[in-house]
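Scroll down for the structure; my scribbles are underneath it.
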Amino acid sequence: MNTGRNTATLYLALTGGAILIGLILFAPWPLLISLGTAGALGAGLLFLTRPTGQRAARTSRSEPMFGNAADPAANVRRSRVTDILLPTDLPDYHFLFSATVIWSPTPAVTDESAINPAALAVDAVVKRARKITELRDPSHASLVRHELAGALGEMRTDSTGRLRTMAESVQLVLPDHDQERLDKLATVRKEEAVWEHERKYELSKRDYLGGDVLKNPGSAVVWWLARNDYQVEKTVNDIGLLVQLSSAANNSDMPEAFHSFISGFAAPNGQPGTNGSGTAWPSEHKESAGDLFDALLHAIQLDEHDPQRRLFARQVADWANAHGWQELAEELIRRYDTPADNEPAGEADDGS
């Protein structure tokens with residue numbers, strides 16, 4: 001701006017000088033008028049050029065090279081730092097820190113030539129950043145970057161009391177190879193968590209089957225009966241398989257009371273029993289549905305003194321009656337649902 005003003009002043013001076021010489025040499029006016037006009041032009045040129053020179057001189061005297069000590073804003077300076085390694089809360093993992101460090105000397109500084117203010121400022125900012133990053137998870141680099149930007153965005157006096165420092169344009173990243181490692185570890189942890197849940201689910205199923213369903217043949221038969229909508233005949237035909245399964249699950253011998261339901265074992269009366277997979281009894285040892293139900297009661301260990309025996313028989317009889325098997329229902333009620341003390345004497349004698 002000062003250069004343009006000086007150029008214009010020089011141009012006016014040259015133009016005015018040319019006009020003045022022309023008036024003196026070639027104007028038809030009297031010499032006295034020509035001299036008066038030349039004097040007026042010279043005074044005007046002097047008026048135009050003099051303030052410009054004074055302003056330029058004042059400007060050059062009022063702008064110090066390194067700022068004014070009376071104005072703190074004039075002493076603010078900047079220094080860029082890049083890729084400084086900062087620790088995290090995991091060993092061997094470091095953030096890369098970059099920022100523009102801003103500082104200004106305090107009134108305690110009387111001779112800047114005796115210190116390196118830029119180095120002191122960078123050291124102060126890095127120490128402030130380290131106190132934060134060394135407590136943070138390296139996988140949260142983006143969150144920590146915003147936290148640092150806020151923490152370092154305030155002017156603070158350093159530990160020496162000589163400088164006030166802050167930082168702007170804060171950048172914080174994790175090296176690519178470290179980020180890849182953390183991503184792999186996160187994937188493994190997720191898969192391990194899924195595997196652990198699946199293992200617990202499998203153990204729960206095994207405990208249920210081994211400790212509840214198959215803990216003995218009776219429990220296995222009751223469970224199978226419930227799973228098959230109380231189909232008595234099907235359950236009785238499957239007793240042999242259930243007994244073998246229960247014995248194998250508990251690593252024990254098959255109870256003798258169930259040998260008649262298993263192929264290869266003789267029935268208590270010496271006749272071969274069912275093979276446990278639905279094969280019918282021999283024709284010479286044909287059993288009624290009531291006899292099969294009685295075998296089922298023995299299999300699930302509901303003896304004649306068990307109060308559940310009569311209730312169970314009544315439930316099966318109701319089910320049989322609902323499906324049109326009145327003969328089976330009547331036989332079950334006659335055998336198991338009539339109190340012994342209310343039976344007619346003749347029937348009691350027959351039963352004995």
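Ligands are numbered from 1 in the order shown, residues from 1 within each chain, and chains are lettered A, B, ... in the order they appear in the structure tokens.
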Return as a compact mmCIF listing (two decimals) with N, CA, C and O atoms, in the first residue's frame the full set of residues in region 89-221 of chain A whose backbone-based DSSP assignment is strand (DSSP E).
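Result file is part12.txt:
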```
# COMPACT_ATOMS: atom_id res chain seq x y z
N HIS A 94 1.07 -47.41 20.47
CA HIS A 94 1.27 -45.97 20.61
C HIS A 94 0.43 -45.21 19.60
O HIS A 94 0.22 -45.66 18.46
N PHE A 95 -0.07 -44.05 20.03
CA PHE A 95 -0.74 -43.13 19.13
C PHE A 95 0.29 -42.29 18.38
O PHE A 95 1.40 -42.06 18.88
N LEU A 96 -0.08 -41.81 17.18
CA LEU A 96 0.71 -40.82 16.46
C LEU A 96 0.02 -39.47 16.62
O LEU A 96 -1.12 -39.29 16.18
N PHE A 97 0.72 -38.51 17.23
CA PHE A 97 0.14 -37.22 17.60
C PHE A 97 0.74 -36.12 16.73
O PHE A 97 1.97 -36.03 16.58
N SER A 98 -0.12 -35.29 16.17
CA SER A 98 0.31 -34.12 15.39
C SER A 98 -0.56 -32.94 15.79
O SER A 98 -1.75 -33.09 16.08
N ALA A 99 0.05 -31.73 15.81
CA ALA A 99 -0.71 -30.53 16.20
C ALA A 99 0.11 -29.29 15.87
O ALA A 99 1.32 -29.36 15.60
N THR A 100 -0.56 -28.16 15.90
CA THR A 100 0.10 -26.87 15.81
C THR A 100 0.18 -26.30 17.22
O THR A 100 -0.85 -26.02 17.84
N VAL A 101 1.40 -26.15 17.73
CA VAL A 101 1.62 -25.64 19.08
C VAL A 101 1.66 -24.12 19.04
O VAL A 101 2.37 -23.51 18.23
N ILE A 102 0.89 -23.49 19.91
CA ILE A 102 0.81 -22.03 19.98
C ILE A 102 1.32 -21.61 21.36
O ILE A 102 0.94 -22.20 22.37
N TRP A 103 2.17 -20.59 21.40
CA TRP A 103 2.70 -20.14 22.68
C TRP A 103 2.99 -18.65 22.65
O TRP A 103 3.11 -18.02 21.59
N SER A 104 3.09 -18.10 23.83
CA SER A 104 3.51 -16.71 24.00
C SER A 104 4.27 -16.62 25.32
O SER A 104 3.95 -17.30 26.29
N PRO A 105 5.32 -15.77 25.37
CA PRO A 105 6.10 -15.64 26.61
C PRO A 105 5.31 -14.90 27.68
O PRO A 105 4.47 -14.05 27.39
N ARG A 156 -2.41 -22.42 28.78
CA ARG A 156 -2.00 -22.68 30.16
C ARG A 156 -0.51 -22.37 30.31
O ARG A 156 0.28 -22.56 29.38
N THR A 157 -0.15 -21.92 31.52
CA THR A 157 1.25 -21.63 31.80
C THR A 157 2.00 -22.94 32.03
O THR A 157 1.51 -23.83 32.73
N LEU A 163 6.19 -19.62 29.74
CA LEU A 163 5.38 -19.63 28.53
C LEU A 163 3.93 -20.02 28.85
O LEU A 163 3.67 -20.73 29.82
N ARG A 164 3.04 -19.54 28.01
CA ARG A 164 1.66 -19.99 28.02
C ARG A 164 1.43 -20.72 26.70
O ARG A 164 1.72 -20.18 25.63
N THR A 165 0.94 -21.97 26.78
CA THR A 165 0.88 -22.82 25.59
C THR A 165 -0.52 -23.40 25.39
O THR A 165 -1.31 -23.55 26.32
N MET A 166 -0.80 -23.76 24.13
CA MET A 166 -2.01 -24.47 23.74
C MET A 166 -1.73 -25.14 22.39
O MET A 166 -0.61 -25.02 21.86
N ALA A 167 -2.70 -25.85 21.85
CA ALA A 167 -2.52 -26.52 20.56
C ALA A 167 -3.82 -26.46 19.77
O ALA A 167 -4.92 -26.47 20.34
N GLU A 168 -3.69 -26.42 18.46
CA GLU A 168 -4.84 -26.48 17.56
C GLU A 168 -4.51 -27.44 16.42
O GLU A 168 -3.38 -27.92 16.29
N SER A 169 -5.53 -27.75 15.60
CA SER A 169 -5.38 -28.71 14.49
C SER A 169 -4.81 -30.04 15.00
O SER A 169 -3.87 -30.60 14.43
N VAL A 170 -5.39 -30.53 16.10
CA VAL A 170 -4.90 -31.76 16.72
C VAL A 170 -5.31 -32.97 15.88
O VAL A 170 -6.46 -33.10 15.48
N GLN A 171 -4.34 -33.84 15.63
CA GLN A 171 -4.58 -35.10 14.93
C GLN A 171 -4.03 -36.25 15.78
O GLN A 171 -2.93 -36.14 16.33
N LEU A 172 -4.79 -37.35 15.89
CA LEU A 172 -4.35 -38.50 16.67
C LEU A 172 -4.83 -39.76 15.96
O LEU A 172 -6.02 -39.95 15.76
N VAL A 173 -3.90 -40.62 15.56
CA VAL A 173 -4.25 -41.85 14.85
C VAL A 173 -3.43 -43.00 15.43
O VAL A 173 -2.43 -42.79 16.13
```
Q: Find, counting only C-alpha atoms, the residue in A:Arg162, A:Arg206, A:His146, A:Arg78 that gets nearest to Asp111 (chain A).
A: A:Arg162
Q: Please run DSSP on the backbone and report, as a ChimeraX atom specification, all residues within region 76-204 of chain A that come out as helix (DSSP H, G or I).
A: /A:112-114,117-133,138-151,176-204
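The shell of residues at most 12 Å from Lys127 (chain A), with only C-alpha atoms counted and near chain neighbours (fewer than 6 positions) removed, consists of A:Ile84, A:Leu85, A:Leu86, A:Pro87, A:Phe97, A:Leu120, A:Ala121, A:Thr133, A:Glu134, A:Leu148, A:Ala151, A:Leu152, A:Asp158, A:Ser159, A:Thr165, A:Met166.
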Q. Hey, which of A:Val125, A:Val144, A:Ala317, A:Ala249 ends up closest to Leu209 (chain A)? Count only C-alpha atoms.
A. A:Ala249
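Restricting the calculation to only C-alpha atoms, the smallest distance between Phe258 (chain A) and any of A:Thr187, A:Thr15, A:Asn75, A:Gln244 is found for A:Gln244.
Excluding Ser252 (chain A) and any residue on its chain fewer than 6 positions from it, the residues at most 12 Å away by only C-alpha atoms are Leu214, Lys215, Asn216, Pro217, Val243, Gln244, Leu245 and Ser246 of chain A.
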Q. How far is it from CA of Leu174 (chain A) to CA of Ser142 (chain A), in Å with one decimal?
A. 9.2 Å
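Taking CA of Arg80 (chain A) as the reference point, CA of Ala118 (chain A) is found at 9.9 Å.
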Could you pull the residues within 10 Å of Lys234 (chain A), counting only C-alpha atoms, minus those fewer than 3 positions along the same chain, as a PDB file with N, CA and C atoms, in the first residue's frame?
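The result, stored in part-v8.pdb:
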```pdb
ATOM      1  N   TRP A 224     -40.625 -90.012  27.447  1.00  0.00           N
ATOM      2  CA  TRP A 224     -41.017 -90.436  26.102  1.00  0.00           C
ATOM      3  C   TRP A 224     -42.532 -90.479  25.946  1.00  0.00           C
ATOM      4  N   LEU A 225     -43.212 -90.844  27.005  1.00  0.00           N
ATOM      5  CA  LEU A 225     -44.672 -90.851  26.964  1.00  0.00           C
ATOM      6  C   LEU A 225     -45.217 -89.442  26.779  1.00  0.00           C
ATOM      7  N   ASN A 228     -44.763 -88.118  23.226  1.00  0.00           N
ATOM      8  CA  ASN A 228     -45.594 -88.764  22.198  1.00  0.00           C
ATOM      9  C   ASN A 228     -47.084 -88.676  22.509  1.00  0.00           C
ATOM     10  N   TYR A 230     -48.865 -89.118  25.116  1.00  0.00           N
ATOM     11  CA  TYR A 230     -49.432 -90.192  25.935  1.00  0.00           C
ATOM     12  C   TYR A 230     -49.919 -91.377  25.104  1.00  0.00           C
ATOM     13  N   GLN A 231     -49.170 -91.714  24.051  1.00  0.00           N
ATOM     14  CA  GLN A 231     -49.482 -92.913  23.276  1.00  0.00           C
ATOM     15  C   GLN A 231     -48.885 -94.117  24.010  1.00  0.00           C
ATOM     16  N   ASN A 237     -43.878-100.240  23.499  1.00  0.00           N
ATOM     17  CA  ASN A 237     -43.048-100.893  22.491  1.00  0.00           C
ATOM     18  C   ASN A 237     -41.630-100.334  22.454  1.00  0.00           C
ATOM     19  N   ASP A 238     -41.461 -99.087  22.918  1.00  0.00           N
ATOM     20  CA  ASP A 238     -40.139 -98.449  22.879  1.00  0.00           C
ATOM     21  C   ASP A 238     -39.395 -98.565  24.201  1.00  0.00           C
ATOM     22  N   ILE A 239     -39.976 -99.256  25.168  1.00  0.00           N
ATOM     23  CA  ILE A 239     -39.329 -99.340  26.487  1.00  0.00           C
ATOM     24  C   ILE A 239     -37.942 -99.952  26.377  1.00  0.00           C
ATOM     25  N   SER A 277     -38.328-102.749  19.994  1.00  0.00           N
ATOM     26  CA  SER A 277     -38.490-101.865  18.839  1.00  0.00           C
ATOM     27  C   SER A 277     -39.849-102.019  18.202  1.00  0.00           C
ATOM     28  N   GLY A 278     -40.802-102.600  18.932  1.00  0.00           N
ATOM     29  CA  GLY A 278     -42.162-102.674  18.414  1.00  0.00           C
ATOM     30  C   GLY A 278     -42.580-104.049  17.940  1.00  0.00           C
TER      31      GLY A 278
END
```
